[in-house]
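Coordinates as given in structure.tsv (TSV, C-alpha atoms):
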```
chain	number	residue	atom	x	y	z
A	1001	MET	CA	20.28	18.64	136.58
A	1002	SER	CA	18.13	16.11	138.46
A	1003	ALA	CA	19.55	13.03	140.21
A	1004	GLU	CA	17.72	10.80	137.72
A	1005	HIS	CA	19.25	12.68	134.81
A	1006	ILE	CA	22.72	12.13	136.29
A	1007	TYR	CA	21.93	8.44	136.76
A	1008	ARG	CA	20.79	8.13	133.12
A	1009	LEU	CA	24.19	9.55	132.11
A	1010	LEU	CA	25.93	7.01	134.38
A	1011	LEU	CA	23.95	4.22	132.68
A	1012	ARG	CA	26.01	4.88	129.56
A	1013	ALA	CA	28.84	3.00	131.26
A	1014	TYR	CA	26.88	-0.24	130.67
A	1015	PRO	CA	26.92	-2.17	127.36
A	1016	PRO	CA	24.23	-0.92	124.89
A	1017	GLU	CA	22.37	-4.25	124.75
A	1018	PHE	CA	22.24	-4.44	128.58
A	1019	ARG	CA	21.06	-0.83	128.73
A	1020	ALA	CA	18.38	-1.52	126.12
A	1021	LYS	CA	16.96	-4.40	128.17
A	1022	TYR	CA	17.37	-3.20	131.75
A	1023	GLY	CA	18.03	0.57	131.50
A	1024	ARG	CA	14.41	1.60	132.06
A	1025	GLU	CA	14.00	-0.74	135.05
A	1026	MET	CA	17.29	0.42	136.55
A	1027	ALA	CA	16.20	4.04	136.23
A	1028	LEU	CA	12.88	3.19	137.92
A	1029	LEU	CA	14.72	1.44	140.73
A	1030	PHE	CA	16.99	4.46	141.09
A	1031	ARG	CA	13.89	6.66	141.31
A	1032	ASP	CA	12.68	4.46	144.20
A	1033	GLN	CA	16.08	4.87	145.87
A	1034	CYS	CA	15.82	8.64	145.47
A	1035	ARG	CA	12.39	8.65	147.15
A	1036	GLU	CA	13.72	6.67	150.10
A	1037	SER	CA	17.12	8.36	150.56
A	1038	ASP	CA	18.56	11.83	150.75
A	1039	VAL	CA	20.09	12.44	147.32
A	1040	ARG	CA	21.97	15.50	148.61
A	1041	THR	CA	24.32	13.44	150.76
A	1042	LEU	CA	27.77	12.40	149.61
A	1043	GLY	CA	27.21	8.85	150.91
A	1044	PHE	CA	24.29	8.35	148.53
A	1045	TRP	CA	26.36	9.27	145.46
A	1046	VAL	CA	29.39	7.27	146.66
A	1047	ALA	CA	27.11	4.21	146.83
A	1048	VAL	CA	25.58	4.93	143.39
A	1049	ILE	CA	28.94	5.48	141.67
A	1050	GLY	CA	30.43	2.50	143.52
A	1051	ASP	CA	27.62	0.29	142.20
A	1052	VAL	CA	28.19	1.46	138.61
A	1053	ALA	CA	31.98	1.13	138.94
A	1054	ARG	CA	31.62	-2.44	140.26
A	1055	SER	CA	29.03	-3.75	137.82
A	1056	ALA	CA	29.58	-1.90	134.50
A	1057	PRO	CA	33.15	-3.12	133.73
A	1058	THR	CA	32.18	-6.77	134.42
A	1059	LEU	CA	29.13	-6.49	132.14
A	1060	ARG	CA	31.25	-4.79	129.45
A	1061	VAL	CA	33.74	-7.69	129.58
A	1062	GLU	CA	30.87	-10.24	129.42
A	1063	ALA	CA	29.38	-8.47	126.37
A	1064	TRP	CA	32.79	-8.30	124.70
A	1065	ARG	CA	33.34	-12.04	125.33
A	1066	ALA	CA	29.91	-12.88	123.91
A	1067	ARG	CA	30.69	-10.86	120.76
A	1068	ALA	CA	34.13	-12.51	120.46
A	1069	SER	CA	32.48	-15.94	120.71
A	1070	GLU	CA	29.98	-15.01	117.95
A	1071	ASN	CA	32.86	-13.80	115.74
A	1072	THR	CA	34.74	-17.08	116.36
A	1073	GLN	CA	31.66	-19.03	115.25
A	1074	THR	CA	31.39	-16.90	112.10
A	1075	MET	CA	35.09	-17.47	111.41
A	1076	GLU	CA	34.59	-21.23	111.85
A	1077	VAL	CA	31.80	-21.22	109.24
A	1078	ILE	CA	33.93	-19.16	106.81
A	1079	MET	CA	36.90	-21.50	107.31
A	1080	LYS	CA	34.72	-24.56	106.71
A	1081	LEU	CA	33.28	-23.07	103.51
A	1082	ALA	CA	36.78	-22.13	102.33
A	1083	ALA	CA	38.02	-25.66	103.11
A	1084	MET	CA	35.14	-27.26	101.17
A	1085	LEU	CA	35.61	-24.94	98.19
A	1086	THR	CA	39.36	-25.61	98.11
A	1087	LEU	CA	38.74	-29.33	98.40
A	1088	LEU	CA	36.22	-29.41	95.56
A	1089	LEU	CA	38.47	-27.25	93.37
A	1090	GLY	CA	41.48	-29.43	94.29
A	1091	GLY	CA	39.55	-32.53	93.28
A	1092	VAL	CA	38.48	-31.07	89.92
A	1093	ILE	CA	41.97	-29.72	89.19
A	1094	GLY	CA	43.52	-33.10	90.11
A	1095	ILE	CA	41.22	-35.06	87.78
A	1096	LEU	CA	41.75	-32.55	84.93
A	1097	ASN	CA	45.50	-32.63	85.52
A	1098	ALA	CA	45.57	-36.46	85.31
A	1099	ALA	CA	43.41	-36.39	82.14
A	1100	VAL	CA	45.63	-33.78	80.43
A	1101	GLU	CA	48.75	-35.76	81.39
A	1102	TRP	CA	47.12	-38.94	80.03
A	1103	VAL	CA	46.32	-37.28	76.68
A	1104	ALA	CA	49.83	-35.78	76.43
A	1105	ALA	CA	51.49	-39.06	77.38
A	1106	SER	CA	49.31	-41.19	75.09
A	1107	GLN	CA	50.71	-39.35	72.03
A	1108	GLN	CA	53.97	-41.14	72.81
A	1109	SER	CA	54.31	-44.67	74.12
A	1110	ILE	CA	52.98	-44.63	77.72
A	1111	SER	CA	54.58	-47.03	80.19
A	1112	GLY	CA	52.62	-49.28	82.56
A	1113	THR	CA	53.81	-47.55	85.74
A	1114	HIS	CA	52.97	-44.15	84.21
A	1115	GLU	CA	49.46	-45.42	83.43
A	1116	VAL	CA	48.96	-46.80	86.96
A	1117	SER	CA	50.34	-43.57	88.42
A	1118	LEU	CA	47.86	-41.47	86.40
A	1119	VAL	CA	44.93	-43.67	87.43
A	1120	LEU	CA	46.01	-43.40	91.08
A	1121	GLY	CA	46.26	-39.61	90.71
A	1122	ALA	CA	42.74	-39.41	89.24
A	1123	LEU	CA	41.41	-41.69	92.02
A	1124	ALA	CA	43.07	-39.55	94.68
A	1125	SER	CA	41.40	-36.43	93.22
A	1126	ALA	CA	38.02	-38.19	93.06
A	1127	LEU	CA	38.42	-39.08	96.74
A	1128	LEU	CA	39.16	-35.41	97.53
A	1129	LEU	CA	35.88	-34.53	95.81
A	1130	ALA	CA	34.09	-37.25	97.82
A	1131	ALA	CA	35.59	-35.83	101.03
A	1132	GLY	CA	34.19	-32.40	100.11
A	1133	VAL	CA	30.73	-33.92	99.65
A	1134	ALA	CA	31.05	-35.85	102.96
A	1135	ILE	CA	31.94	-32.64	104.82
A	1136	LEU	CA	28.83	-31.00	103.35
A	1137	ASN	CA	26.83	-33.77	105.06
A	1138	ARG	CA	27.73	-32.06	108.41
A	1139	THR	CA	27.17	-35.19	110.53
A	1140	GLN	CA	29.58	-37.23	112.62
A	1141	ARG	CA	29.40	-40.03	110.02
A	1142	GLY	CA	30.12	-37.51	107.25
A	1143	ARG	CA	33.11	-36.26	109.17
A	1144	GLN	CA	34.45	-39.82	109.61
A	1145	ALA	CA	33.88	-40.59	105.90
A	1146	ALA	CA	35.70	-37.35	104.99
A	1147	ARG	CA	38.68	-38.31	107.17
A	1148	LEU	CA	38.87	-41.74	105.55
A	1149	ALA	CA	38.55	-40.31	102.01
A	1150	VAL	CA	41.22	-37.66	102.64
A	1151	LEU	CA	43.61	-40.18	104.22
A	1152	THR	CA	43.16	-42.63	101.31
A	1153	SER	CA	43.59	-39.78	98.81
A	1154	LEU	CA	46.88	-38.83	100.49
A	1155	VAL	CA	48.16	-42.41	100.37
A	1156	LEU	CA	47.16	-42.75	96.69
A	1157	ILE	CA	48.73	-39.45	95.61
A	1158	VAL	CA	52.02	-40.29	97.39
A	1159	ALA	CA	51.99	-43.75	95.77
A	1160	ALA	CA	51.30	-42.15	92.35
A	1161	ARG	CA	54.16	-39.69	92.84
A	1162	LEU	CA	56.57	-42.50	93.87
A	1163	LEU	CA	55.53	-44.72	90.94
A	1164	PHE	CA	56.12	-42.12	88.24
A	1165	PRO	CA	57.25	-38.47	88.59
A	1166	TRP	CA	54.62	-36.94	86.28
A	1167	MET	CA	53.20	-34.34	88.63
A	1168	SER	CA	54.14	-30.65	88.57
A	1169	ILE	CA	55.11	-28.88	91.81
A	1170	PHE	CA	51.66	-27.21	91.78
A	1171	SER	CA	49.88	-30.58	91.44
A	1172	GLN	CA	51.96	-32.02	94.28
A	1173	LEU	CA	51.18	-29.03	96.47
A	1174	ILE	CA	47.45	-29.51	95.89
A	1175	GLY	CA	47.47	-33.31	95.93
A	1176	ILE	CA	49.59	-33.69	99.07
A	1177	GLY	CA	49.25	-30.32	100.80
A	1178	LEU	CA	45.45	-30.14	100.68
A	1179	PRO	CA	44.80	-33.54	102.33
A	1180	VAL	CA	47.44	-32.87	105.00
A	1181	VAL	CA	45.91	-29.48	105.89
A	1182	LEU	CA	42.41	-30.94	105.82
A	1183	LEU	CA	43.36	-33.91	108.01
A	1184	ILE	CA	44.79	-31.48	110.58
A	1185	ALA	CA	41.53	-29.47	110.41
A	1186	LEU	CA	39.35	-32.60	110.71
A	1187	TYR	CA	41.30	-34.00	113.67
A	1188	TRP	CA	41.71	-30.64	115.40
A	1189	PRO	CA	39.99	-30.71	118.82
A	1190	ARG	CA	36.73	-28.78	118.65
A	1191	ARG	CA	35.38	-26.49	121.31
A	1192	ALA	CA	32.57	-28.02	123.38
A	1193	SER	CA	29.29	-26.57	122.21
A	1194	PRO	CA	26.62	-25.72	124.81
A	1195	LEU	CA	24.11	-27.31	122.41
A	1196	GLY	CA	26.09	-30.54	122.17
A	1197	THR	CA	28.19	-31.87	119.33
A	1198	ALA	CA	26.80	-32.11	115.80
B	1213	MET	CA	17.09	-4.15	147.17
B	1214	LYS	CA	15.52	-3.21	150.51
B	1215	GLY	CA	14.74	-6.88	151.13
B	1216	VAL	CA	18.38	-7.90	150.60
B	1217	ALA	CA	19.60	-5.15	152.93
B	1218	ALA	CA	17.06	-6.13	155.60
B	1219	ARG	CA	17.75	-9.90	155.38
B	1220	SER	CA	21.50	-9.38	155.53
B	1221	GLU	CA	21.11	-6.94	158.46
B	1222	GLY	CA	22.57	-4.17	156.34
B	1223	THR	CA	25.77	-6.02	155.43
B	1224	VAL	CA	24.79	-6.50	151.74
B	1225	ARG	CA	23.54	-3.48	149.83
B	1226	LEU	CA	22.63	-4.00	146.20
B	1227	GLY	CA	22.55	-1.15	143.72
B	1228	PRO	CA	20.54	-1.31	140.47
B	1229	GLY	CA	23.67	-2.22	138.46
B	1230	THR	CA	24.66	-5.14	140.69
B	1231	LEU	CA	21.05	-6.31	140.93
B	1232	TYR	CA	20.31	-6.29	137.18
B	1233	GLY	CA	23.76	-7.67	136.32
B	1234	THR	CA	23.03	-10.62	138.61
B	1235	LEU	CA	19.49	-10.97	137.22
B	1236	LYS	CA	20.85	-11.09	133.67
B	1237	ARG	CA	23.21	-13.95	134.62
B	1238	LEU	CA	20.48	-15.82	136.50
B	1239	LEU	CA	18.15	-15.48	133.48
B	1240	GLU	CA	20.87	-16.77	131.14
B	1241	ALA	CA	21.49	-19.73	133.47
B	1242	GLY	CA	17.75	-20.51	133.55
B	1243	LEU	CA	17.55	-20.04	137.31
B	1244	VAL	CA	14.96	-17.23	137.12
B	1245	GLU	CA	12.38	-16.29	134.51
B	1246	GLU	CA	10.42	-13.19	133.62
B	1247	GLY	CA	6.97	-13.14	135.16
B	1248	GLY	CA	5.52	-10.39	132.96
B	1249	GLU	CA	4.94	-6.67	133.50
B	1250	ARG	CA	2.37	-4.97	135.65
B	1251	ALA	CA	1.79	-1.55	137.18
B	1252	ASP	CA	2.65	-0.98	140.82
B	1253	PRO	CA	0.16	1.48	142.43
B	1254	GLU	CA	2.52	1.99	145.38
B	1255	ARG	CA	5.26	3.21	143.07
B	1256	GLY	CA	3.52	5.76	140.86
B	1257	ASP	CA	1.74	3.18	138.65
B	1258	GLU	CA	4.80	2.71	136.45
B	1259	ARG	CA	4.86	-0.65	134.71
B	1260	ARG	CA	7.43	-2.94	136.34
B	1261	ARG	CA	8.84	-6.22	135.13
B	1262	TYR	CA	8.72	-9.06	137.62
B	1263	TYR	CA	10.96	-12.11	137.89
B	1264	ARG	CA	10.42	-15.45	139.58
B	1265	LEU	CA	12.51	-18.48	140.48
B	1266	THR	CA	12.33	-21.42	138.06
B	1267	GLN	CA	12.13	-25.05	139.22
B	1268	LEU	CA	15.85	-25.37	138.43
B	1269	GLY	CA	16.56	-22.16	140.37
B	1270	LEU	CA	14.66	-23.52	143.37
B	1271	SER	CA	16.64	-26.79	143.27
B	1272	VAL	CA	19.93	-24.87	143.03
B	1273	ALA	CA	18.92	-22.55	145.89
B	1274	ARG	CA	17.98	-25.56	148.05
B	1275	ALA	CA	21.27	-27.33	147.25
B	1276	GLU	CA	23.24	-24.18	148.11
B	1277	ALA	CA	21.29	-23.77	151.37
B	1278	ARG	CA	22.04	-27.42	152.29
B	1279	ARG	CA	25.74	-26.86	151.51
B	1280	LEU	CA	25.86	-23.73	153.69
B	1281	ASP	CA	23.93	-25.52	156.45
B	1282	ALA	CA	26.50	-28.35	156.45
B	1283	MET	CA	29.32	-25.82	156.64
B	1284	VAL	CA	27.70	-23.97	159.54
B	1285	ARG	CA	27.14	-27.26	161.41
B	1286	ALA	CA	30.79	-28.18	160.82
B	1287	ALA	CA	31.87	-24.77	162.12
B	1288	ARG	CA	29.72	-25.27	165.22
B	1289	ARG	CA	31.23	-28.72	165.84
B	1290	LYS	CA	34.69	-27.18	165.60
B	1291	LYS	CA	33.48	-24.47	167.99
B	1292	LEU	CA	34.33	-21.75	165.50
B	1293	ILE	CA	30.87	-20.17	165.97
B	1294	GLY	CA	28.14	-20.34	168.61
B	1295	VAL	CA	30.58	-20.17	171.49
B	1296	ARG	CA	30.81	-17.13	173.71
B	1297	PRO	CA	34.36	-15.84	174.06
B	1298	ALA	CA	35.80	-16.33	177.51
```
Using the file provided, produce a representation of the structure as structure tokens.
Amino acid sequence: MSAEHIYRLLLRAYPPEFRAKYGREMALLFRDQCRESDVRTLGFWVAVIGDVARSAPTLRVEAWRARASENTQTMEVIMKLAAMLTLLLGGVIGILNAAVEWVAASQQSISGTHEVSLVLGALASALLLAAGVAILNRTQRGRQAARLAVLTSLVLIVAARLLFPWMSIFSQLIGIGLPVVLLIALYWPRRASPLGTA
Amino acid sequence: MKGVAARSEGTVRLGPGTLYGTLKRLLEAGLVEEGGERADPERGDERRRYYRLTQLGLSVARAEARRLDAMVRAARRKKLIGVRPA
């Protein structure tokens, strides 16, 4: 087995993407080293293995970190999409819920506070929908508008619930829980991007 | 690699792994750039990739050299170097 063949085996210690880009050049450089040194000496191989042992683990860790960062970015996109979908669904469900309650209540005599509470509930759901659209805008202004819409929606839904207890547990979970979770997500500190903030 | 060993009077010896690992980081930081491939007749005509310092790399190298120069001057003033032991 030639020295170069052994070195090509040692190159497997490096990350595949690094090997793909620099493997050929490293092997050429090693060939130069072989021409200029005595490959039969122990010192030569101690230096070669020492170089691989010093550099390969660091490059492996760097490659692993880069992959982890890419995965985090993918997760962020998935989470954003999930948040928008939930928000839009929450808005639609909220409006439908208020409409169904209105129809059911109107068959009997509906009180003034009940009416106001239903209107507030429908408004809160419409604001949730608006927040979803604002997030889709993906700008700083869109983000601010979304925060405002979600906060107002939360205030309205709490006011509606306090005025008249018409909402089911499920409706309350969506109407109050969704804005709270979304506000946390919207105010959560974001990682600094090397390309600047959106 | 021979150049580094010669300039450091044999105290720094770079292997291919250390050299290309450093080059990768310098490329990512924009301090060096690829200067294309060409054959080297002195080395069996194999095509070799060449790298050169960017303008940013040159500025960083100069700033680092100035920093080291200031440190060496400070060490001389404190008589930590440049004085023969008694």
Selection: 8 Å around Gly1132 of chain A, only C-alpha atoms, excl. self and same-chain fewer than 3 positions, as a PyMOL selection string: chain A and resi 1084-1085+1087-1088+1128-1129+1135-1136+1146
Suppose we keep C-alpha atoms; can you now write the selection as an mmCIF file, keeping the file's coordinate frame?
```cif
data_model
loop_
_atom_site.group_PDB
_atom_site.id
_atom_site.type_symbol
_atom_site.label_atom_id
_atom_site.label_comp_id
_atom_site.auth_asym_id
_atom_site.auth_seq_id
_atom_site.Cartn_x
_atom_site.Cartn_y
_atom_site.Cartn_z
ATOM 1 C CA MET A 1084 35.140 -27.260 101.170
ATOM 2 C CA LEU A 1085 35.610 -24.940 98.190
ATOM 3 C CA LEU A 1087 38.740 -29.330 98.400
ATOM 4 C CA LEU A 1088 36.220 -29.410 95.560
ATOM 5 C CA LEU A 1128 39.160 -35.410 97.530
ATOM 6 C CA LEU A 1129 35.880 -34.530 95.810
ATOM 7 C CA ILE A 1135 31.940 -32.640 104.820
ATOM 8 C CA LEU A 1136 28.830 -31.000 103.350
ATOM 9 C CA ALA A 1146 35.700 -37.350 104.990
#
```
List every residue of chain B that has an atom at most 10 Å from any atom of chain A, and for each one report the closest atom pair and its distance in Å to one decimal, counting only C-alpha atoms, with rows sorted by chain and then by increasing residue number, as CSV.
```
residue,atom,partner,partner_atom,distance
B:Met1213,CA,A:Leu1029,CA,8.9
B:Lys1214,CA,A:Gln1033,CA,9.3
B:Arg1225,CA,A:Ala1047,CA,9.0
B:Leu1226,CA,A:Asp1051,CA,7.7
B:Gly1227,CA,A:Asp1051,CA,5.5
B:Pro1228,CA,A:Met1026,CA,5.4
B:Gly1229,CA,A:Ser1055,CA,5.6
B:Thr1230,CA,A:Ser1055,CA,5.4
B:Leu1231,CA,A:Met1026,CA,8.9
B:Tyr1232,CA,A:Tyr1022,CA,6.9
B:Gly1233,CA,A:Ser1055,CA,6.7
B:Thr1234,CA,A:Ser1055,CA,9.2
B:Leu1235,CA,A:Tyr1022,CA,9.7
B:Lys1236,CA,A:Phe1018,CA,8.5
B:Arg1237,CA,A:Leu1059,CA,9.8
B:Arg1255,CA,A:Asp1032,CA,7.6
B:Gly1256,CA,A:Asp1032,CA,9.8
B:Glu1258,CA,A:Leu1028,CA,8.2
B:Arg1259,CA,A:Glu1025,CA,9.1
B:Arg1260,CA,A:Glu1025,CA,7.0
B:Arg1261,CA,A:Glu1025,CA,7.5
```
Nearby residues (all atoms listed in the file) at most 12 Å from segment 1147-1160 of chain A, same-chain spacing under 4 positions excluded, as JSON, numbers by chain: {"A": [1087, 1088, 1090, 1091, 1094, 1095, 1098, 1113, 1114, 1115, 1116, 1117, 1118, 1119, 1120, 1121, 1122, 1123, 1124, 1125, 1126, 1127, 1128, 1129, 1130, 1131, 1132, 1133, 1134, 1135, 1140, 1141, 1142, 1143, 1164, 1165, 1166, 1167, 1171, 1172, 1173, 1174, 1175, 1176, 1177, 1178, 1179, 1180, 1181, 1182, 1183, 1184, 1185, 1186, 1187, 1188]}
Between atom CA of Trp1064 of chain A and atom CA of Val1077 of chain A, distance in Å (one decimal): 20.2 Å
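Pairwise distance (atom CA of Pro1057 of chain A, atom CA of Leu1010 of chain A) equals 12.5 Å.
In this structure, atom CA of Leu1243 of chain B sits 9.0 Å away from atom CA of Ala1273 of chain B.
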Atom completion result for segment 1273-1285 of chain B (N, CA and C atoms) as a PDB file, in the frame of the given file:
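Saved result, part_27.pdb, follows:
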```
ATOM      1  N   ALA B1273      18.962 -23.308 144.629  1.00  0.00           N
ATOM      2  CA  ALA B1273      18.920 -22.550 145.890  1.00  0.00           C
ATOM      3  C   ALA B1273      18.884 -23.511 147.080  1.00  0.00           C
ATOM      4  N   ARG B1274      18.072 -24.589 146.947  1.00  0.00           N
ATOM      5  CA  ARG B1274      17.980 -25.560 148.050  1.00  0.00           C
ATOM      6  C   ARG B1274      19.318 -26.261 148.271  1.00  0.00           C
ATOM      7  N   ALA B1275      19.972 -26.644 147.148  1.00  0.00           N
ATOM      8  CA  ALA B1275      21.270 -27.330 147.250  1.00  0.00           C
ATOM      9  C   ALA B1275      22.307 -26.419 147.908  1.00  0.00           C
ATOM     10  N   GLU B1276      22.287 -25.150 147.538  1.00  0.00           N
ATOM     11  CA  GLU B1276      23.240 -24.180 148.110  1.00  0.00           C
ATOM     12  C   GLU B1276      22.957 -23.987 149.598  1.00  0.00           C
ATOM     13  N   ALA B1277      21.660 -23.939 149.952  1.00  0.00           N
ATOM     14  CA  ALA B1277      21.290 -23.770 151.370  1.00  0.00           C
ATOM     15  C   ALA B1277      21.760 -24.996 152.173  1.00  0.00           C
ATOM     16  N   ARG B1278      21.596 -26.198 151.586  1.00  0.00           N
ATOM     17  CA  ARG B1278      22.040 -27.420 152.290  1.00  0.00           C
ATOM     18  C   ARG B1278      23.563 -27.388 152.498  1.00  0.00           C
ATOM     19  N   ARG B1279      24.275 -26.930 151.435  1.00  0.00           N
ATOM     20  CA  ARG B1279      25.740 -26.860 151.510  1.00  0.00           C
ATOM     21  C   ARG B1279      26.167 -25.898 152.630  1.00  0.00           C
ATOM     22  N   LEU B1280      25.514 -24.726 152.664  1.00  0.00           N
ATOM     23  CA  LEU B1280      25.860 -23.730 153.690  1.00  0.00           C
ATOM     24  C   LEU B1280      25.510 -24.253 155.077  1.00  0.00           C
ATOM     25  N   ASP B1281      24.360 -24.957 155.167  1.00  0.00           N
ATOM     26  CA  ASP B1281      23.930 -25.520 156.450  1.00  0.00           C
ATOM     27  C   ASP B1281      24.977 -26.516 156.973  1.00  0.00           C
ATOM     28  N   ALA B1282      25.482 -27.358 156.065  1.00  0.00           N
ATOM     29  CA  ALA B1282      26.500 -28.350 156.450  1.00  0.00           C
ATOM     30  C   ALA B1282      27.767 -27.648 156.932  1.00  0.00           C
ATOM     31  N   MET B1283      28.113 -26.558 156.247  1.00  0.00           N
ATOM     32  CA  MET B1283      29.320 -25.820 156.640  1.00  0.00           C
ATOM     33  C   MET B1283      29.151 -25.179 158.008  1.00  0.00           C
ATOM     34  N   VAL B1284      27.960 -24.619 158.252  1.00  0.00           N
ATOM     35  CA  VAL B1284      27.700 -23.970 159.540  1.00  0.00           C
ATOM     36  C   VAL B1284      27.740 -25.013 160.665  1.00  0.00           C
ATOM     37  N   ARG B1285      27.137 -26.208 160.389  1.00  0.00           N
ATOM     38  CA  ARG B1285      27.140 -27.260 161.410  1.00  0.00           C
ATOM     39  C   ARG B1285      28.582 -27.711 161.714  1.00  0.00           C
TER      40      ARG B1285
END
```
